[in-house]
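Enquirer: Below is the structure I would like to discuss, written out as structure tokens.
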Amino acid sequence: MLSRSILDAYLPLLLPSNEISHLGHGSLAIPKLKREDLVTLLTSMKTVFEKEETLLNIWGDFNVVGDIHGNLKDLIRIFCFAGSPYQNNYIFLGDYVDRGEMSIECIVLLFAYKLAYPNKIYLLRGNHEFELINSYYGFKQQVLSEYDEEIYNMFNEVFSYLPLAAVLNQKYFLVHGGISPSLNTIKQIAQLKRPITSFQEGSESDIITDIMWGDPSTITNLYAPSPRGFGYVFGMDSVIEFLCNNNVKYIVRAHQCVTQGFEENFGGACMTVFSTSNYCTMPPNSSSILQVTEDNHRPTVFAPIKHFRKFEVEFREIEVQDTVPLCNKLKPVSRTNSNKVKNPGKRFNNVQVVFTCKPRRTEEGHGIYSYSSTSELPKLENGPRMLKKSNSQPEKLHLE
């Protein structure tokens with residue numbers, strides 16, 4: 001199967017970040033699809049996304065991942081740390097392409113996982129999954145230089161069917177950007193018809209634009225025009241009203257580069273997850289994922305790492321074969337005794353969850369540190385409990 005061949009080709013690359021410098025050379029060269037196989041993949045993905053709803057309703061324990069922007073190293077590090085979608089659930093909040101030089105590789109890997117495990121990984125749409133944006137910020141140029149315009153158009157056709165938002169465990173509203181003054185209830189998103197080729201056209205374009213481009217802000221309590229030129233910034237009162245109207249507790253979104261990789265606004269009611277590190281250079285930002293269980297949530301923050309540059313790495317062609325998938329053997333990277341943490345609390349799908357009030361412990365092999373916004377270290381008796389929110393920030397780790 002195509003998806004299995006892609007995942008098997010990437011399996012040797014899933015290394016802890018203290019070994020990630022070896023990627024891109026020799027036996028760890030970056031896998032690349034032949035044109036005919038990429039056409040098959042994109043055709044299959046259109047069918048997969050056509051079958052999904054515009055608004056997803058999902059339940060369970062999930063790893064929530066924000067912007068990737070062509071950063072293959074951070075994407076590999078996330079899968080290495082949290083495990084394969086074969087074992088654990090993922091939902092990505094959009095912006096897979098543009099900016100970074102490995103946009104094609106990132107989206108191909110994600111599509112392969114989605115094709116192999118459609119009920120274990122979900123991909124929402126970001127503002128960079130629109131042709132108006134990705135034709136200017138690097139993705140189109142990458143596709144044209146390695147394939148052709150037909151392939152580029154096929155990518156955007158697949159993007160036009162991506163879901164726009166999700167409700168997780170009936171508590172979390174997941175979206176790329178934010179909320180909209182035109183969005184009274186979440187049901188309005190469910191009623192949007194796909195394919196959607198533009199966020200500027202159609203009777204519901206205001207809603208689409210706003211949920212793709214919105215940002216939380218303290219300059220207003222309600223809504224104000226966004227300095228980005230599209231959508232609105234939204235304040236605390238608008239968030240409270242939205243949560244009450246839709247019977248959810250949290251907004252989880254991406255879209256913004258935040259220095260620590262994770263940020264809370266409005267007492268924790270709105271959370272930003274940004275999953276590509278070293279995106280902002282002054283200072284280099286960390287990246288994060290948000291791990292959500294049915295009764296709790298917590299972020300894990302990753303230290304900045306240097307991005308791949310295409311001229312510095314080697315590529316190898318993927319040979320598509322109908323074989324037993326090695327990817328089924330993938331497990332989260334094991335911890336050594338020196339990295340074991342006392343009182344780990346509840347395990348999150350084989351990933352050890354560590355609650356700390358500050359980044360007290362590190363796992364240098366992954367370049368990560370645990371983080372929560374509690375002002376005091378909670379007692380760990382019968383697993384995790386909901387953590388109180390505050391504005392405390394994690395300390396910065398050294399760069400790798």
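Please note that chains go A, B, ... in the order of the structure tokens, that every chain numbers its residues from 1, and that ligands are numbered from 1 in the order shown.
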DSSP on the backbone, alpha helix (DSSP H) only: what residues of segment 168-260 of chain A does that give? Format it as a PDB file with N, CA and C atoms, in the first residue's frame.
Expert:
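As a result, out01.pdb now contains:
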ATOM      1  N   LYS A 187     -22.710  25.381  15.140  1.00  0.00           N
ATOM      2  CA  LYS A 187     -23.474  24.703  14.087  1.00  0.00           C
ATOM      3  C   LYS A 187     -23.340  25.403  12.739  1.00  0.00           C
ATOM      4  N   GLN A 188     -23.052  26.704  12.763  1.00  0.00           N
ATOM      5  CA  GLN A 188     -22.879  27.426  11.498  1.00  0.00           C
ATOM      6  C   GLN A 188     -21.693  26.878  10.710  1.00  0.00           C
ATOM      7  N   ILE A 189     -20.655  26.439  11.410  1.00  0.00           N
ATOM      8  CA  ILE A 189     -19.504  25.848  10.725  1.00  0.00           C
ATOM      9  C   ILE A 189     -19.899  24.513  10.107  1.00  0.00           C
ATOM     10  N   ALA A 190     -20.671  23.731  10.840  1.00  0.00           N
ATOM     11  CA  ALA A 190     -21.104  22.423  10.336  1.00  0.00           C
ATOM     12  C   ALA A 190     -21.909  22.549   9.050  1.00  0.00           C
ATOM     13  N   SER A 205     -18.345  33.838   3.763  1.00  0.00           N
ATOM     14  CA  SER A 205     -16.916  34.153   3.724  1.00  0.00           C
ATOM     15  C   SER A 205     -16.442  34.854   4.988  1.00  0.00           C
ATOM     16  N   ASP A 206     -17.313  35.642   5.631  1.00  0.00           N
ATOM     17  CA  ASP A 206     -16.906  36.334   6.857  1.00  0.00           C
ATOM     18  C   ASP A 206     -16.521  35.333   7.941  1.00  0.00           C
ATOM     19  N   ILE A 207     -17.325  34.307   8.106  1.00  0.00           N
ATOM     20  CA  ILE A 207     -17.031  33.300   9.126  1.00  0.00           C
ATOM     21  C   ILE A 207     -15.735  32.574   8.805  1.00  0.00           C
ATOM     22  N   ILE A 208     -15.577  32.158   7.554  1.00  0.00           N
ATOM     23  CA  ILE A 208     -14.374  31.420   7.159  1.00  0.00           C
ATOM     24  C   ILE A 208     -13.133  32.277   7.361  1.00  0.00           C
ATOM     25  N   THR A 209     -13.192  33.529   6.925  1.00  0.00           N
ATOM     26  CA  THR A 209     -12.052  34.428   7.095  1.00  0.00           C
ATOM     27  C   THR A 209     -11.697  34.584   8.561  1.00  0.00           C
ATOM     28  N   ASP A 210     -12.693  34.816   9.391  1.00  0.00           N
ATOM     29  CA  ASP A 210     -12.438  35.115  10.797  1.00  0.00           C
ATOM     30  C   ASP A 210     -11.882  33.915  11.556  1.00  0.00           C
ATOM     31  N   ILE A 211     -12.393  32.710  11.295  1.00  0.00           N
ATOM     32  CA  ILE A 211     -11.888  31.563  12.043  1.00  0.00           C
ATOM     33  C   ILE A 211     -10.512  31.132  11.547  1.00  0.00           C
ATOM     34  N   MET A 212     -10.128  31.554  10.341  1.00  0.00           N
ATOM     35  CA  MET A 212      -8.787  31.283   9.842  1.00  0.00           C
ATOM     36  C   MET A 212      -7.761  32.305  10.334  1.00  0.00           C
ATOM     37  N   TRP A 213      -8.191  33.555  10.546  1.00  0.00           N
ATOM     38  CA  TRP A 213      -7.251  34.656  10.758  1.00  0.00           C
ATOM     39  C   TRP A 213      -7.324  35.296  12.148  1.00  0.00           C
ATOM     40  N   MET A 236     -11.800  39.219  25.779  1.00  0.00           N
ATOM     41  CA  MET A 236     -12.326  38.311  26.795  1.00  0.00           C
ATOM     42  C   MET A 236     -13.840  38.168  26.743  1.00  0.00           C
ATOM     43  N   ASP A 237     -14.557  39.278  26.597  1.00  0.00           N
ATOM     44  CA  ASP A 237     -16.021  39.196  26.607  1.00  0.00           C
ATOM     45  C   ASP A 237     -16.543  38.364  25.444  1.00  0.00           C
ATOM     46  N   SER A 238     -15.912  38.509  24.281  1.00  0.00           N
ATOM     47  CA  SER A 238     -16.354  37.724  23.123  1.00  0.00           C
ATOM     48  C   SER A 238     -16.081  36.239  23.341  1.00  0.00           C
ATOM     49  N   VAL A 239     -14.971  35.918  24.000  1.00  0.00           N
ATOM     50  CA  VAL A 239     -14.650  34.517  24.290  1.00  0.00           C
ATOM     51  C   VAL A 239     -15.660  33.924  25.264  1.00  0.00           C
ATOM     52  N   ILE A 240     -15.956  34.654  26.341  1.00  0.00           N
ATOM     53  CA  ILE A 240     -16.915  34.163  27.332  1.00  0.00           C
ATOM     54  C   ILE A 240     -18.281  33.932  26.693  1.00  0.00           C
ATOM     55  N   GLU A 241     -18.713  34.877  25.869  1.00  0.00           N
ATOM     56  CA  GLU A 241     -20.007  34.735  25.201  1.00  0.00           C
ATOM     57  C   GLU A 241     -20.021  33.520  24.282  1.00  0.00           C
ATOM     58  N   PHE A 242     -18.937  33.331  23.519  1.00  0.00           N
ATOM     59  CA  PHE A 242     -18.858  32.198  22.602  1.00  0.00           C
ATOM     60  C   PHE A 242     -18.902  30.875  23.362  1.00  0.00           C
ATOM     61  N   LEU A 243     -18.133  30.774  24.437  1.00  0.00           N
ATOM     62  CA  LEU A 243     -18.104  29.533  25.209  1.00  0.00           C
ATOM     63  C   LEU A 243     -19.470  29.216  25.809  1.00  0.00           C
ATOM     64  N   CYS A 244     -20.125  30.235  26.338  1.00  0.00           N
ATOM     65  CA  CYS A 244     -21.450  30.028  26.936  1.00  0.00           C
ATOM     66  C   CYS A 244     -22.482  29.629  25.884  1.00  0.00           C
ATOM     67  N   ASN A 245     -22.455  30.294  24.742  1.00  0.00           N
ATOM     68  CA  ASN A 245     -23.437  30.008  23.691  1.00  0.00           C
ATOM     69  C   ASN A 245     -23.296  28.599  23.129  1.00  0.00           C
ATOM     70  N   ASN A 246     -22.079  28.064  23.202  1.00  0.00           N
ATOM     71  CA  ASN A 246     -21.825  26.770  22.570  1.00  0.00           C
ATOM     72  C   ASN A 246     -21.542  25.646  23.561  1.00  0.00           C
TER      73      ASN A 246
END
Enquirer: Would you mind telling me which residue in A:Phe311, A:Tyr137, A:Phe62, A:Tyr250 lies nearest to Cys270 of chain A when using only C-alpha atoms?
Expert: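 Using only C-alpha atoms, Cys270 of chain A sits closest to A:Tyr250.
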Enquirer: Between atom CA of Phe262 of chain A and atom CA of Gly231 of chain A, what is the distance, to one decimal in Å?
Expert: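 Atom-to-atom, atom CA of Phe262 of chain A and atom CA of Gly231 of chain A are spaced 22.0 Å apart.
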Enquirer: Separation of atom CA of Gln321 of chain A and atom CA of Glu19 of chain A, in Å?
Expert: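 Atom CA of Glu19 of chain A lies 28.3 Å from atom CA of Gln321 of chain A.
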Enquirer: So which residues touch Pro216 of chain A within 7 Å, counting only C-alpha atoms, skipping near sequence neighbours fewer than 3 positions away, as a PyMOL selection string?
Expert: chain A and resi 233-235
Enquirer: Of the residues A:Lys32, A:Lys46, A:His297, A:Arg4, which is the one nearest to Arg194 of chain A, using only C-alpha atoms?
Expert: A:Lys46
Enquirer: Nearest to Ile68 of chain A: which of A:Leu13, A:Ile318, A:Met45, A:Ile107 is it, counting only C-alpha atoms?
Expert: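 The shortest atom-to-atom distance to Ile68 of chain A comes from A:Ile107.
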Enquirer: Can you tell me, as a ChimeraX atom specification, what residues are no more than 12 Å from Ser277 of chain A when counting only C-alpha atoms, ignoring any on the same chain fewer than 5 positions away?
Expert: /A:66-75,77-78,100,256-262,283-289,301-308,367-368,399-400
Enquirer: Kindly export the residues of the current selection with C-alpha atoms, as a tab-separated table (two decimals), in the first residue's frame.
Expert:
chain	number	residue	atom	x	y	z
A	66	GLY	CA	-0.35	23.70	15.97
A	67	ASP	CA	1.42	25.27	12.98
A	68	ILE	CA	4.13	23.12	11.34
A	69	HIS	CA	5.02	25.38	8.37
A	70	GLY	CA	7.28	22.94	6.56
A	71	ASN	CA	9.41	22.18	9.62
A	72	LEU	CA	10.06	18.47	9.19
A	73	LYS	CA	12.42	18.27	12.15
A	74	ASP	CA	9.81	19.45	14.62
A	75	LEU	CA	7.17	17.19	13.07
A	77	ARG	CA	10.31	15.20	16.98
A	78	ILE	CA	6.61	15.33	17.88
A	100	GLY	CA	9.74	26.15	5.86
A	256	GLN	CA	0.43	32.83	16.20
A	257	CYS	CA	4.10	32.36	16.93
A	258	VAL	CA	4.42	32.59	20.72
A	259	THR	CA	7.84	32.63	22.35
A	260	GLN	CA	7.26	29.71	24.69
A	261	GLY	CA	5.39	27.65	22.08
A	262	PHE	CA	2.28	27.68	24.26
A	283	PRO	CA	14.49	35.34	20.29
A	284	PRO	CA	14.13	31.84	18.83
A	285	ASN	CA	10.74	30.48	19.86
A	286	SER	CA	10.06	27.10	21.41
A	287	SER	CA	7.36	24.79	20.05
A	288	SER	CA	4.68	22.79	21.83
A	289	ILE	CA	1.90	20.27	21.69
A	301	VAL	CA	7.18	22.48	25.28
A	302	PHE	CA	10.14	21.69	23.01
A	303	ALA	CA	13.37	23.70	22.83
A	304	PRO	CA	14.23	25.40	19.51
A	305	ILE	CA	16.08	23.37	16.88
A	306	LYS	CA	17.61	24.35	13.55
A	307	HIS	CA	15.44	23.71	10.48
A	308	PHE	CA	16.38	21.53	7.53
A	367	GLY	CA	14.95	18.75	23.91
A	368	ILE	CA	11.72	19.06	25.89
A	399	LEU	CA	19.35	25.90	22.30
A	400	GLU	CA	20.28	22.57	20.85
Enquirer: Using only C-alpha atoms, which of A:Leu23, A:Ile76, A:Leu123, A:Ala9 sits nearest Leu93 of chain A?
Expert: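 Answer, going by the shortest atom-to-atom distance: A:Leu123.
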Enquirer: Write out as a ChimeraX atom specification which residues come within 12 Å of Glu146 of chain A when counting only C-alpha atoms, dropping same-chain ones fewer than 4 positions away.
Expert: /A:32-35,38,101-105,139-142,150-152,310,315
Enquirer: Could you dump the residues just selected with C-alpha atoms as an mmCIF file, in the first residue's frame?
Expert:
data_model
loop_
_atom_site.group_PDB
_atom_site.id
_atom_site.type_symbol
_atom_site.label_atom_id
_atom_site.label_comp_id
_atom_site.auth_asym_id
_atom_site.auth_seq_id
_atom_site.Cartn_x
_atom_site.Cartn_y
_atom_site.Cartn_z
ATOM 1 C CA LYS A 32 10.656 11.597 -1.759
ATOM 2 C CA LEU A 33 7.631 10.399 -3.741
ATOM 3 C CA LYS A 34 7.614 9.819 -7.468
ATOM 4 C CA ARG A 35 5.155 11.996 -9.319
ATOM 5 C CA LEU A 38 2.028 11.568 -5.352
ATOM 6 C CA GLU A 101 11.639 24.372 3.094
ATOM 7 C CA MET A 102 10.144 20.930 3.786
ATOM 8 C CA SER A 103 6.491 21.743 3.156
ATOM 9 C CA ILE A 104 6.009 18.926 0.638
ATOM 10 C CA GLU A 105 7.623 16.374 2.928
ATOM 11 C CA PHE A 139 4.687 26.221 -1.105
ATOM 12 C CA LYS A 140 3.871 26.891 -4.750
ATOM 13 C CA GLN A 141 7.515 27.532 -5.570
ATOM 14 C CA GLN A 142 8.543 24.280 -3.886
ATOM 15 C CA GLU A 150 -0.885 20.171 -11.988
ATOM 16 C CA ILE A 151 0.435 18.722 -8.725
ATOM 17 C CA TYR A 152 0.170 22.141 -7.073
ATOM 18 C CA LYS A 310 17.094 21.467 1.257
ATOM 19 C CA PHE A 315 16.834 12.606 -0.757
#
